[in-house]
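Novice: First the structure, which I've put down as structure tokens, then a few questions once you've had a look.
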Amino acid sequence: MSRLYWPQSTDPRTSDEDAPLPFNILLPMNPVPGPQRPYFAYISDNVAETGDGELEVVRATLQTELDCRDAPTSHSSGSSTECDVVCKVAHSKLRLNELKEEARLYEGALAPLQGTVVPKYYGCFIGNSPDGVVGVLVTEDCGDPLSRELKSYSKRFRQTALEALMDRAGVAHGNFTRRNIVSWDDDLEWLRLVNFQSAREHDCPCVAKSIDTTKTLSWGDIRCHELYYACVKAQLCF
């Protein structure tokens, strides 16, 4: 994307869809050479927000206008293609720096895992709003967080979640909890790890090691603190 038209208000639209919608223009953190089409975000749902209001997560429809020259005034303006996304929105310099670090992981170590282990990543966009700096990290919408603790799911589901963590390409997730495991209706095909805000690059001793998750594991099988405690949490380890 060359730029993202981001609504000045992150409240979902509940009134007349044809009413004018004011946008902020955000530019990509790492521009891609060559012609790029602008994208427009239309927020559909507020998912979460920190207590200080400096970081929020929203669901949105991402739309590219195929014949546009200016920002549209409504959701249905012109010929377009659409996809459903989740946007993490930073409203302070501290949160923006965290967002940039997460974006670098998506663009680097996590790039080979997009669409299988982690969501597809559409970019990180930065600009200014009437209230100050704003940054938006845009990823594919892969479903809802787990509704209960991981240990209460089927063994196959727990194994798949653990295997996703094992495939994390030299990155320690840092917060392997149920709210950071998402899926549509607990469908294994859609299971993804999200929220790499606390992640860091990690030289995992298990990267080159084949681990059989169908058997009960022990510390001797894993030798990675994050994976071991994830196994314990999923009741796949003793």
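Ordered as shown in the structure tokens, chains take letters A, B, and onward, while each chain numbers its residues from 1 and ligands are numbered from 1 in the order shown.
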Name the residues in contact with region 117-133 of chain A at a cut-off of 7 Å, using only C-alpha atoms, excluding same-chain residues fewer than 6 positions from it; report them as a short mmCIF file (atom, residue, chain, number, x, y, z; two decimals) with N, CA and C atoms, in the first residue's frame.
Specialist:
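To be explicit, this is the file written out as result.cif:
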```cif
data_model
loop_
_atom_site.label_atom_id
_atom_site.label_comp_id
_atom_site.auth_asym_id
_atom_site.auth_seq_id
_atom_site.Cartn_x
_atom_site.Cartn_y
_atom_site.Cartn_z
N LEU A 4 -2.58 4.84 3.65
CA LEU A 4 -3.81 4.34 4.26
C LEU A 4 -4.66 5.53 4.67
N GLN A 8 -10.89 9.48 11.17
CA GLN A 8 -10.49 10.33 12.29
C GLN A 8 -11.11 9.86 13.60
N ASN A 24 -7.71 10.57 8.05
CA ASN A 24 -6.32 10.98 8.14
C ASN A 24 -5.54 10.15 7.13
N ILE A 25 -4.55 10.75 6.51
CA ILE A 25 -3.72 10.02 5.55
C ILE A 25 -2.46 9.56 6.26
N LEU A 26 -2.27 8.24 6.33
CA LEU A 26 -1.10 7.65 6.99
C LEU A 26 -0.19 7.03 5.93
N LEU A 27 1.10 7.18 6.13
CA LEU A 27 2.08 6.66 5.17
C LEU A 27 2.74 5.41 5.72
N PRO A 28 3.17 4.49 4.85
CA PRO A 28 3.77 3.24 5.31
C PRO A 28 5.10 3.47 6.01
N MET A 29 5.36 2.66 7.02
CA MET A 29 6.63 2.73 7.74
C MET A 29 7.79 2.45 6.79
N HIS A 91 -1.62 5.58 19.90
CA HIS A 91 -1.92 7.01 20.01
C HIS A 91 -0.87 7.76 20.82
N SER A 92 0.29 7.17 21.03
CA SER A 92 1.37 7.86 21.74
C SER A 92 2.70 7.42 21.15
N ALA A 103 5.98 -4.53 13.91
CA ALA A 103 5.95 -4.51 12.44
C ALA A 103 7.25 -5.06 11.86
N TYR A 106 7.06 -8.78 11.82
CA TYR A 106 6.20 -9.27 10.74
C TYR A 106 6.91 -9.18 9.39
N THR A 139 -3.38 -6.29 10.05
CA THR A 139 -3.21 -7.72 9.78
C THR A 139 -4.54 -8.34 9.40
N GLU A 140 -4.45 -9.52 8.83
CA GLU A 140 -5.63 -10.31 8.46
C GLU A 140 -6.47 -10.63 9.70
N CYS A 142 -8.28 -13.24 11.55
CA CYS A 142 -8.29 -14.71 11.56
C CYS A 142 -9.21 -15.28 12.62
N ALA A 164 2.29 -24.41 16.44
CA ALA A 164 2.38 -23.04 15.92
C ALA A 164 3.46 -22.27 16.67
N ARG A 192 -4.22 -19.16 14.59
CA ARG A 192 -3.06 -18.28 14.39
C ARG A 192 -2.60 -17.71 15.74
N LEU A 193 -1.32 -17.41 15.82
CA LEU A 193 -0.78 -16.65 16.95
C LEU A 193 -0.79 -15.17 16.59
N VAL A 194 -1.21 -14.33 17.52
CA VAL A 194 -1.27 -12.89 17.27
C VAL A 194 -0.61 -12.14 18.42
#
```
Novice: At what distance in Å, to one decimal, does CA of Leu227 (chain A) lie from CA of Asp144 (chain A)?
Specialist: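 CA of Leu227 (chain A) lies 22.7 Å from CA of Asp144 (chain A).
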Novice: Which is closest to Trp6 (chain A) among A:Arg200, A:Thr50, A:Asn180, A:Cys87, if we use only C-alpha atoms?
Specialist: A:Cys87
Novice: Please identify which residues in region 16-197 of chain A DSSP calls alpha helix (DSSP H) from the backbone, and express them as an MDAnalysis selection string.
Specialist: chainID A and resid 93:107 155:166
Novice: Can those selected residues be exported to a file as a PDB file, in the first residue's frame so that it contains N, CA and C atoms?
Specialist:
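Printed below is selection04.pdb as written:
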```pdb
ATOM      1  N   LYS A  93       3.754   8.171  21.408  1.00  0.00           N
ATOM      2  CA  LYS A  93       5.066   7.831  20.858  1.00  0.00           C
ATOM      3  C   LYS A  93       5.574   6.508  21.418  1.00  0.00           C
ATOM      4  N   LEU A  94       5.322   6.258  22.708  1.00  0.00           N
ATOM      5  CA  LEU A  94       5.753   4.999  23.309  1.00  0.00           C
ATOM      6  C   LEU A  94       5.064   3.819  22.633  1.00  0.00           C
ATOM      7  N   ARG A  95       3.748   3.890  22.493  1.00  0.00           N
ATOM      8  CA  ARG A  95       3.006   2.803  21.849  1.00  0.00           C
ATOM      9  C   ARG A  95       3.383   2.680  20.378  1.00  0.00           C
ATOM     10  N   LEU A  96       3.679   3.800  19.743  1.00  0.00           N
ATOM     11  CA  LEU A  96       4.080   3.764  18.340  1.00  0.00           C
ATOM     12  C   LEU A  96       5.412   3.038  18.179  1.00  0.00           C
ATOM     13  N   ASN A  97       6.344   3.270  19.084  1.00  0.00           N
ATOM     14  CA  ASN A  97       7.630   2.565  19.018  1.00  0.00           C
ATOM     15  C   ASN A  97       7.432   1.062  19.188  1.00  0.00           C
ATOM     16  N   GLU A  98       6.532   0.669  20.086  1.00  0.00           N
ATOM     17  CA  GLU A  98       6.226  -0.752  20.262  1.00  0.00           C
ATOM     18  C   GLU A  98       5.611  -1.329  18.989  1.00  0.00           C
ATOM     19  N   LEU A  99       4.746  -0.545  18.362  1.00  0.00           N
ATOM     20  CA  LEU A  99       4.093  -0.978  17.127  1.00  0.00           C
ATOM     21  C   LEU A  99       5.124  -1.185  16.015  1.00  0.00           C
ATOM     22  N   LYS A 100       6.087  -0.289  15.936  1.00  0.00           N
ATOM     23  CA  LYS A 100       7.132  -0.401  14.918  1.00  0.00           C
ATOM     24  C   LYS A 100       7.956  -1.670  15.113  1.00  0.00           C
ATOM     25  N   GLU A 101       8.271  -1.990  16.368  1.00  0.00           N
ATOM     26  CA  GLU A 101       9.043  -3.199  16.636  1.00  0.00           C
ATOM     27  C   GLU A 101       8.265  -4.447  16.225  1.00  0.00           C
ATOM     28  N   GLU A 102       6.970  -4.449  16.503  1.00  0.00           N
ATOM     29  CA  GLU A 102       6.140  -5.578  16.093  1.00  0.00           C
ATOM     30  C   GLU A 102       6.085  -5.674  14.568  1.00  0.00           C
ATOM     31  N   ALA A 103       5.978  -4.527  13.909  1.00  0.00           N
ATOM     32  CA  ALA A 103       5.948  -4.508  12.441  1.00  0.00           C
ATOM     33  C   ALA A 103       7.245  -5.061  11.862  1.00  0.00           C
ATOM     34  N   ARG A 104       8.366  -4.737  12.473  1.00  0.00           N
ATOM     35  CA  ARG A 104       9.655  -5.241  11.977  1.00  0.00           C
ATOM     36  C   ARG A 104       9.718  -6.763  12.062  1.00  0.00           C
ATOM     37  N   LEU A 105       9.115  -7.338  13.093  1.00  0.00           N
ATOM     38  CA  LEU A 105       9.081  -8.796  13.196  1.00  0.00           C
ATOM     39  C   LEU A 105       8.221  -9.395  12.081  1.00  0.00           C
ATOM     40  N   TYR A 106       7.058  -8.779  11.822  1.00  0.00           N
ATOM     41  CA  TYR A 106       6.198  -9.273  10.743  1.00  0.00           C
ATOM     42  C   TYR A 106       6.909  -9.185   9.392  1.00  0.00           C
ATOM     43  N   GLU A 107       7.660  -8.119   9.194  1.00  0.00           N
ATOM     44  CA  GLU A 107       8.340  -7.923   7.913  1.00  0.00           C
ATOM     45  C   GLU A 107       9.620  -8.740   7.803  1.00  0.00           C
ATOM     46  N   LYS A 155      -7.153 -32.564  22.468  1.00  0.00           N
ATOM     47  CA  LYS A 155      -5.706 -32.752  22.412  1.00  0.00           C
ATOM     48  C   LYS A 155      -5.151 -32.292  21.074  1.00  0.00           C
ATOM     49  N   ARG A 156      -5.862 -32.552  19.986  1.00  0.00           N
ATOM     50  CA  ARG A 156      -5.384 -32.136  18.665  1.00  0.00           C
ATOM     51  C   ARG A 156      -5.299 -30.618  18.561  1.00  0.00           C
ATOM     52  N   PHE A 157      -6.278 -29.927  19.141  1.00  0.00           N
ATOM     53  CA  PHE A 157      -6.258 -28.465  19.112  1.00  0.00           C
ATOM     54  C   PHE A 157      -5.060 -27.950  19.904  1.00  0.00           C
ATOM     55  N   ARG A 158      -4.820 -28.528  21.079  1.00  0.00           N
ATOM     56  CA  ARG A 158      -3.682 -28.105  21.906  1.00  0.00           C
ATOM     57  C   ARG A 158      -2.361 -28.386  21.203  1.00  0.00           C
ATOM     58  N   GLN A 159      -2.277 -29.527  20.532  1.00  0.00           N
ATOM     59  CA  GLN A 159      -1.063 -29.857  19.791  1.00  0.00           C
ATOM     60  C   GLN A 159      -0.814 -28.855  18.669  1.00  0.00           C
ATOM     61  N   THR A 160      -1.877 -28.472  17.970  1.00  0.00           N
ATOM     62  CA  THR A 160      -1.738 -27.517  16.866  1.00  0.00           C
ATOM     63  C   THR A 160      -1.268 -26.158  17.373  1.00  0.00           C
ATOM     64  N   ALA A 161      -1.818 -25.719  18.509  1.00  0.00           N
ATOM     65  CA  ALA A 161      -1.391 -24.446  19.089  1.00  0.00           C
ATOM     66  C   ALA A 161       0.079 -24.499  19.482  1.00  0.00           C
ATOM     67  N   LEU A 162       0.488 -25.611  20.057  1.00  0.00           N
ATOM     68  CA  LEU A 162       1.887 -25.756  20.464  1.00  0.00           C
ATOM     69  C   LEU A 162       2.806 -25.821  19.247  1.00  0.00           C
ATOM     70  N   GLU A 163       2.373 -26.522  18.209  1.00  0.00           N
ATOM     71  CA  GLU A 163       3.179 -26.609  16.987  1.00  0.00           C
ATOM     72  C   GLU A 163       3.328 -25.239  16.334  1.00  0.00           C
ATOM     73  N   ALA A 164       2.286 -24.409  16.438  1.00  0.00           N
ATOM     74  CA  ALA A 164       2.384 -23.040  15.919  1.00  0.00           C
ATOM     75  C   ALA A 164       3.460 -22.266  16.667  1.00  0.00           C
ATOM     76  N   LEU A 165       3.511 -22.442  17.975  1.00  0.00           N
ATOM     77  CA  LEU A 165       4.532 -21.763  18.769  1.00  0.00           C
ATOM     78  C   LEU A 165       5.922 -22.286  18.419  1.00  0.00           C
ATOM     79  N   MET A 166       6.027 -23.568  18.113  1.00  0.00           N
ATOM     80  CA  MET A 166       7.319 -24.150  17.735  1.00  0.00           C
ATOM     81  C   MET A 166       7.813 -23.603  16.397  1.00  0.00           C
TER      82      MET A 166
END
```
Novice: Hey, can you check how far CA of Thr214 (chain A) sits from CA of Val182 (chain A)?
Specialist: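 Interatomic distance, CA of Thr214 (chain A) to CA of Val182 (chain A): 21.9 Å.
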Novice: Check the smallest atom-to-atom distance from each of A:Cys204, A:Ala109, A:Leu21, A:Leu150 to Leu236 (chain A) using only C-alpha atoms, then report the winner.
Specialist: A:Leu150
